[in-house]
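Engineer: One file: input-v8.pdb (PDB, C-alpha atoms, pLDDT in the B column).
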ATOM      1  CA  LEU H   1      -4.707   3.844   9.226  1.00 61.00           C
ATOM      2  CA  TYR H   2      -4.815   1.467   6.289  1.00 84.00           C
ATOM      3  CA  GLY H   3      -6.614  -1.451   4.688  1.00 93.00           C
ATOM      4  CA  PHE H   4      -6.154  -3.729   1.700  1.00 95.00           C
ATOM      5  CA  VAL H   5      -6.913  -3.848  -2.008  1.00 97.00           C
ATOM      6  CA  PRO H   6      -9.553  -6.534  -2.688  1.00 96.00           C
ATOM      7  CA  ARG H   7      -8.609  -9.501  -4.887  1.00 96.00           C
ATOM      8  CA  THR H   8      -4.886  -8.877  -4.609  1.00 98.00           C
ATOM      9  CA  TYR H   9      -2.166 -11.171  -3.294  1.00 98.00           C
ATOM     10  CA  ALA H  10       1.484 -10.313  -2.783  1.00 98.00           C
ATOM     11  CA  GLY H  11       3.089 -13.365  -4.362  1.00 98.00           C
ATOM     12  CA  ALA H  12       5.975 -14.062  -6.724  1.00 97.00           C
ATOM     13  CA  ARG H  13       5.201 -11.255  -9.209  1.00 98.00           C
ATOM     14  CA  VAL H  14       5.020  -8.630  -6.469  1.00 98.00           C
ATOM     15  CA  GLY H  15       8.253  -9.965  -4.985  1.00 98.00           C
ATOM     16  CA  ARG H  16      10.070  -9.608  -8.301  1.00 97.00           C
ATOM     17  CA  LEU H  17       9.274  -5.886  -8.346  1.00 98.00           C
ATOM     18  CA  MET H  18      11.161  -5.217  -5.093  1.00 97.00           C
ATOM     19  CA  PRO H  19      14.949  -5.519  -4.978  1.00 95.00           C
ATOM     20  CA  GLY H  20      16.056  -7.878  -2.225  1.00 94.00           C
ATOM     21  CA  ALA H  21      12.684  -9.595  -1.807  1.00 96.00           C
ATOM     22  CA  SER H  22      12.444 -13.364  -2.014  1.00 95.00           C
ATOM     23  CA  SER H  23       8.697 -13.098  -2.760  1.00 97.00           C
ATOM     24  CA  GLY H  24       5.643 -11.150  -1.724  1.00 97.00           C
ATOM     25  CA  ASP H  25       4.462 -11.419   1.879  1.00 97.00           C
ATOM     26  CA  GLY H  26       1.510 -13.691   1.027  1.00 97.00           C
ATOM     27  CA  ASP H  27      -1.128 -11.150   2.046  1.00 97.00           C
ATOM     28  CA  PRO H  28      -3.492  -8.846   0.164  1.00 98.00           C
ATOM     29  CA  LEU H  29      -1.863  -5.609  -0.964  1.00 98.00           C
ATOM     30  CA  ASP H  30      -1.938  -2.933   1.755  1.00 97.00           C
ATOM     31  CA  ILE H  31      -3.322   0.522   0.933  1.00 97.00           C
ATOM     32  CA  CYS H  32      -3.413   3.790   2.848  1.00 95.00           C
ATOM     33  CA  VAL H  33      -6.175   6.107   1.587  1.00 95.00           C
ATOM     34  CA  LEU H  34      -5.715   9.780   2.412  1.00 95.00           C
ATOM     35  CA  SER H  35      -8.901  11.681   3.152  1.00 93.00           C
ATOM     36  CA  GLU H  36     -10.179  14.655   5.081  1.00 90.00           C
ATOM     37  CA  ARG H  37     -13.199  12.532   5.909  1.00 85.00           C
ATOM     38  CA  LEU H  38     -13.165  10.233   8.901  1.00 84.00           C
ATOM     39  CA  VAL H  39     -13.703   6.579   8.008  1.00 81.00           C
ATOM     40  CA  ALA H  40     -14.875   5.255  11.361  1.00 81.00           C
ATOM     41  CA  LYS H  41     -15.968   1.796  10.240  1.00 81.00           C
ATOM     42  CA  SER H  42     -13.994  -1.174   9.110  1.00 78.00           C
ATOM     43  CA  GLU H  43     -15.114  -3.496   6.341  1.00 82.00           C
ATOM     44  CA  VAL H  44     -16.040  -0.705   3.926  1.00 89.00           C
ATOM     45  CA  LEU H  45     -15.075  -0.280   0.303  1.00 91.00           C
ATOM     46  CA  VAL H  46     -14.041   3.168  -0.862  1.00 92.00           C
ATOM     47  CA  ALA H  47     -13.244   4.546  -4.299  1.00 94.00           C
ATOM     48  CA  ALA H  48      -9.664   5.753  -4.283  1.00 95.00           C
ATOM     49  CA  ARG H  49      -7.130   7.132  -6.770  1.00 97.00           C
ATOM     50  CA  VAL H  50      -3.654   5.599  -6.503  1.00 98.00           C
ATOM     51  CA  VAL H  51      -0.836   8.161  -6.251  1.00 98.00           C
ATOM     52  CA  GLY H  52       2.176   6.047  -5.252  1.00 98.00           C
ATOM     53  CA  GLY H  53       3.553   3.709  -2.649  1.00 98.00           C
ATOM     54  CA  ILE H  54       6.082   2.982   0.040  1.00 98.00           C
ATOM     55  CA  PRO H  55       8.247  -0.107  -0.443  1.00 98.00           C
ATOM     56  CA  MET H  56       8.543  -2.212   2.681  1.00 96.00           C
ATOM     57  CA  LEU H  57      10.731  -5.278   2.996  1.00 96.00           C
ATOM     58  CA  ASP H  58       9.439  -7.413   5.870  1.00 93.00           C
ATOM     59  CA  ASP H  59      11.594 -10.357   6.838  1.00 92.00           C
ATOM     60  CA  GLY H  60      12.782 -10.633   3.228  1.00 94.00           C
ATOM     61  CA  HIS H  61       9.297 -10.357   1.703  1.00 97.00           C
ATOM     62  CA  ALA H  62       7.791  -7.489  -0.326  1.00 97.00           C
ATOM     63  CA  ASP H  63       5.087  -5.753   1.705  1.00 97.00           C
ATOM     64  CA  ASP H  64       4.329  -2.627  -0.352  1.00 98.00           C
ATOM     65  CA  LYS H  65       2.103   0.065   1.111  1.00 98.00           C
ATOM     66  CA  ILE H  66       0.089   1.639  -1.698  1.00 98.00           C
ATOM     67  CA  VAL H  67      -0.859   5.287  -1.121  1.00 98.00           C
ATOM     68  CA  ALA H  68      -4.092   6.664  -2.593  1.00 97.00           C
ATOM     69  CA  VAL H  69      -6.463   9.577  -2.143  1.00 96.00           C
ATOM     70  CA  LEU H  70     -10.199   9.251  -1.624  1.00 94.00           C
ATOM     71  CA  GLU H  71     -12.086   9.987  -4.835  1.00 93.00           C
ATOM     72  CA  ASN H  72     -14.236  13.130  -4.700  1.00 91.00           C
ATOM     73  CA  ASP H  73     -12.471  14.385  -1.568  1.00 93.00           C
ATOM     74  CA  PRO H  74     -12.146  18.153  -2.098  1.00 93.00           C
ATOM     75  CA  LEU H  75      -8.958  18.412  -0.019  1.00 94.00           C
ATOM     76  CA  TRP H  76      -7.099  15.831  -2.140  1.00 94.00           C
ATOM     77  CA  ASP H  77      -8.643  16.743  -5.509  1.00 91.00           C
ATOM     78  CA  GLY H  78      -5.935  17.264  -8.117  1.00 92.00           C
ATOM     79  CA  PHE H  79      -3.362  15.049  -6.378  1.00 97.00           C
ATOM     80  CA  GLU H  80      -2.330  12.570  -9.065  1.00 97.00           C
ATOM     81  CA  ASN H  81       1.141  11.400  -7.986  1.00 98.00           C
ATOM     82  CA  LEU H  82       2.977  10.942  -4.715  1.00 98.00           C
ATOM     83  CA  ALA H  83       5.186  13.898  -5.645  1.00 97.00           C
ATOM     84  CA  ASP H  84       2.035  16.076  -5.348  1.00 97.00           C
ATOM     85  CA  ILE H  85       1.586  15.118  -1.678  1.00 97.00           C
ATOM     86  CA  PRO H  86       3.393  17.480   0.728  1.00 96.00           C
ATOM     87  CA  GLY H  87       6.801  16.054   1.693  1.00 96.00           C
ATOM     88  CA  PRO H  88       6.209  16.146   5.472  1.00 97.00           C
ATOM     89  CA  TYR H  89       3.036  14.073   4.992  1.00 95.00           C
ATOM     90  CA  VAL H  90       4.912  11.429   2.991  1.00 97.00           C
ATOM     91  CA  ASP H  91       7.695  11.500   5.600  1.00 96.00           C
ATOM     92  CA  ARG H  92       5.124  10.872   8.336  1.00 95.00           C
ATOM     93  CA  LEU H  93       3.665   7.880   6.480  1.00 95.00           C
ATOM     94  CA  THR H  94       7.137   6.490   5.797  1.00 95.00           C
ATOM     95  CA  HIS H  95       8.106   6.877   9.464  1.00 94.00           C
ATOM     96  CA  TYR H  96       4.910   5.167  10.576  1.00 93.00           C
ATOM     97  CA  PHE H  97       5.501   2.132   8.382  1.00 92.00           C
ATOM     98  CA  ALA H  98       9.184   2.018   9.363  1.00 91.00           C
ATOM     99  CA  THR H  99       8.374   1.916  13.088  1.00 90.00           C
ATOM    100  CA  TYR H 100       4.874   0.553  13.735  1.00 86.00           C
ATOM    101  CA  ARG H 101       6.118  -3.007  14.175  1.00 81.00           C
ATOM    102  CA  MET H 102       9.152  -2.221  16.330  1.00 79.00           C
ATOM    103  CA  PHE H 103       9.195  -3.579  19.858  1.00 84.00           C
ATOM    104  CA  PRO H 104      11.708  -2.836  22.629  1.00 87.00           C
ATOM    105  CA  GLY H 105      14.353  -5.519  22.957  1.00 88.00           C
ATOM    106  CA  ARG H 106      13.534  -7.136  19.609  1.00 86.00           C
ATOM    107  CA  PRO H 107      15.442  -6.597  16.382  1.00 83.00           C
ATOM    108  CA  ALA H 108      13.606  -4.893  13.546  1.00 81.00           C
ATOM    109  CA  THR H 109      12.512  -7.290  10.804  1.00 83.00           C
ATOM    110  CA  ALA H 110      11.155  -4.663   8.421  1.00 89.00           C
ATOM    111  CA  SER H 111      12.654  -1.743   6.522  1.00 92.00           C
ATOM    112  CA  VAL H 112      11.206   0.843   4.175  1.00 95.00           C
ATOM    113  CA  GLY H 113      12.770   2.268   1.045  1.00 95.00           C
ATOM    114  CA  THR H 114      12.300   5.408  -0.977  1.00 96.00           C
ATOM    115  CA  PRO H 115       8.639   6.098  -1.770  1.00 98.00           C
ATOM    116  CA  TYR H 116       7.636   5.681  -5.422  1.00 98.00           C
ATOM    117  CA  GLY H 117       5.122   7.295  -7.754  1.00 98.00           C
ATOM    118  CA  ARG H 118       1.869   6.245  -9.355  1.00 98.00           C
ATOM    119  CA  GLU H 119       3.386   4.400 -12.314  1.00 98.00           C
ATOM    120  CA  HIS H 120       5.283   1.911 -10.157  1.00 98.00           C
ATOM    121  CA  ALA H 121       2.329   1.611  -7.748  1.00 98.00           C
ATOM    122  CA  GLU H 122       0.095   0.638 -10.652  1.00 98.00           C
ATOM    123  CA  ALA H 123       2.650  -2.007 -11.716  1.00 98.00           C
ATOM    124  CA  VAL H 124       2.621  -3.429  -8.163  1.00 98.00           C
ATOM    125  CA  ILE H 125      -1.187  -3.537  -8.189  1.00 98.00           C
ATOM    126  CA  ARG H 126      -1.276  -5.290 -11.587  1.00 98.00           C
ATOM    127  CA  ALA H 127       1.257  -7.852 -10.302  1.00 98.00           C
ATOM    128  CA  ALA H 128      -0.813  -8.408  -7.135  1.00 98.00           C
ATOM    129  CA  LEU H 129      -3.999  -8.885  -9.189  1.00 98.00           C
ATOM    130  CA  ASP H 130      -2.196 -11.472 -11.342  1.00 98.00           C
ATOM    131  CA  ASP H 131      -0.750 -13.185  -8.239  1.00 98.00           C
ATOM    132  CA  TYR H 132      -4.292 -13.371  -6.831  1.00 98.00           C
ATOM    133  CA  ARG H 133      -5.689 -14.934 -10.030  1.00 97.00           C
ATOM    134  CA  ASP H 134      -2.880 -17.503 -10.026  1.00 96.00           C
ATOM    135  CA  THR H 135      -3.322 -18.329  -6.336  1.00 96.00           C
ATOM    136  CA  PHE H 136      -7.132 -18.349  -6.275  1.00 95.00           C
ATOM    137  CA  PRO H 137      -8.303 -19.369  -9.772  1.00 92.00           C
ATOM    138  CA  ALA H 138     -11.982 -18.861 -10.634  1.00 86.00           C
ATOM    139  CA  ARG H 139     -14.018 -22.010 -10.721  1.00 75.00           C
TER     140      ARG H 139
END
Rewrite the structure from the file as structure tokens, please.

Structural biologist:
Amino acid sequence: LYGFVPRTYAGARVGRLMPGASSGDGDPLDICVLSERLVAKSEVLVAARVVGGIPMLDDGHADDKIVAVLENDPLWDGFENLADIPGPYVDRLTHYFATYRMFPGRPATASVGTPYGREHAEAVIRAALDDYRDTFPAR
């Protein structure tokens, strides 16, 4: 359902953007790319347009889920912000991320907040790019 944004790292800067987070989760930034086209392979790079995100707090760490649309996908053409995506679709994504790590008999360690638009998503991506550069400096 989702992948990651290359050369990003959810570190201190990403953590500061999410209320209640002690830091980022220490992973690349997650991204869910909406498309009418089936992407049946892993390890592929796609051109995508960021429209928003879903804030996820996982065990006290920021674990944002960026939402984007596949560039040049005729079904998603013209969608520029998460508010453009039909509400039931956003609700489905939010529900998925709120429940995909739940297991019977174990307490939930993650929670999702109110989805946000493109402007905040772009700020999260910039922070994750900076966290990556700080964590993995070029030689």

Engineer: So, counting all atoms listed in the file, which residue among H:Gly15, H:Gly113, H:Ala21, H:Trp76 is closest to His95 of chain H?

Structural biologist: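 Of H:Gly15, H:Gly113, H:Ala21, H:Trp76, the one nearest His95 of chain H, counting all atoms listed in the file, is H:Gly113.
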
Engineer: Considering all atoms listed in the file, state which residue in the set H:Ala62, H:Ile54, H:Ala47, H:Ala121 is at the smallest distance from Gly26 of chain H.

Structural biologist: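 Under the stated criterion, the closest residue is H:Ala62.
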
Engineer: Kindly assemble as a Markdown table a list of the segment 49-117 of chain H residues that lie within 10 Å of segment 9-13 of chain H, each paired with its nearest atom pair and their distance in Å to one decimal, using all atoms listed in the file, sorted first by chain and then by ascending residue number.

Structural biologist:
| residue | atom | partner | partner_atom | distance |
| --- | --- | --- | --- | --- |
| H:His61 | CA | H:Ala10 | CA | 9.0 |
| H:Ala62 | CA | H:Ala10 | CA | 7.3 |
| H:Asp63 | CA | H:Ala10 | CA | 7.3 |
| H:Asp64 | CA | H:Ala10 | CA | 8.5 |

Engineer: Please, could you write that set of residues out with C-alpha atoms as a PDB file, in the coordinates of the input?

Structural biologist:
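Result file selection-v2.pdb:
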ATOM      1  CA  HIS H  61       9.297 -10.357   1.703  1.00 97.00           C
ATOM      2  CA  ALA H  62       7.791  -7.489  -0.326  1.00 97.00           C
ATOM      3  CA  ASP H  63       5.087  -5.753   1.705  1.00 97.00           C
ATOM      4  CA  ASP H  64       4.329  -2.627  -0.352  1.00 98.00           C
TER       5      ASP H  64
END

Engineer: Running the PyMOL selection byres ((chain H and resi 116) around 12) on this model by hand, what would come out? Give it as a CSV table (one decimal) with C-alpha atoms, in the coordinates of the input.

Structural biologist:
chain,number,residue,atom,x,y,z
H,18,MET,CA,11.2,-5.2,-5.1
H,50,VAL,CA,-3.7,5.6,-6.5
H,51,VAL,CA,-0.8,8.2,-6.3
H,52,GLY,CA,2.2,6.0,-5.3
H,53,GLY,CA,3.6,3.7,-2.6
H,54,ILE,CA,6.1,3.0,0.0
H,55,PRO,CA,8.2,-0.1,-0.4
H,56,MET,CA,8.5,-2.2,2.7
H,64,ASP,CA,4.3,-2.6,-0.4
H,65,LYS,CA,2.1,0.1,1.1
H,66,ILE,CA,0.1,1.6,-1.7
H,67,VAL,CA,-0.9,5.3,-1.1
H,81,ASN,CA,1.1,11.4,-8.0
H,82,LEU,CA,3.0,10.9,-4.7
H,83,ALA,CA,5.2,13.9,-5.6
H,84,ASP,CA,2.0,16.1,-5.3
H,85,ILE,CA,1.6,15.1,-1.7
H,90,VAL,CA,4.9,11.4,3.0
H,94,THR,CA,7.1,6.5,5.8
H,112,VAL,CA,11.2,0.8,4.2
H,113,GLY,CA,12.8,2.3,1.0
H,114,THR,CA,12.3,5.4,-1.0
H,115,PRO,CA,8.6,6.1,-1.8
H,117,GLY,CA,5.1,7.3,-7.8
H,118,ARG,CA,1.9,6.2,-9.4
H,119,GLU,CA,3.4,4.4,-12.3
H,120,HIS,CA,5.3,1.9,-10.2
H,121,ALA,CA,2.3,1.6,-7.7
H,122,GLU,CA,0.1,0.6,-10.7
H,123,ALA,CA,2.6,-2.0,-11.7
H,124,VAL,CA,2.6,-3.4,-8.2

Engineer: Between atom CA of Asp59 of chain H and atom CA of Thr109 of chain H, what is the distance in Å, rounded to a tenth?

Structural biologist: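 It comes out at 5.1 Å.
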
Engineer: Going by the chain IDs and residue numbers used in this file, which residues fall under the PyMOL selection byres ((chain H and resi 3) around 10)? Write them as JSON, numbers by chain.

Structural biologist: {"H": [1, 2, 4, 5, 6, 28, 29, 30, 31, 32, 33, 42, 43, 44, 45, 65, 66]}

Engineer: Can you work out the spacing between atom CA of Gly60 of chain H and atom CA of Thr99 of chain H in Å, to one decimal?

Structural biologist: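 According to the coordinates, atom CA of Gly60 of chain H and atom CA of Thr99 of chain H are separated by 16.6 Å.
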
Engineer: I need the residue nearest Glu80 of chain H from this list: H:Met102, H:Ala108, H:Leu57, H:Ala48. Use all atoms listed in the file for the distance.

Structural biologist: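 Answer, going by the shortest atom-to-atom distance: H:Ala48.
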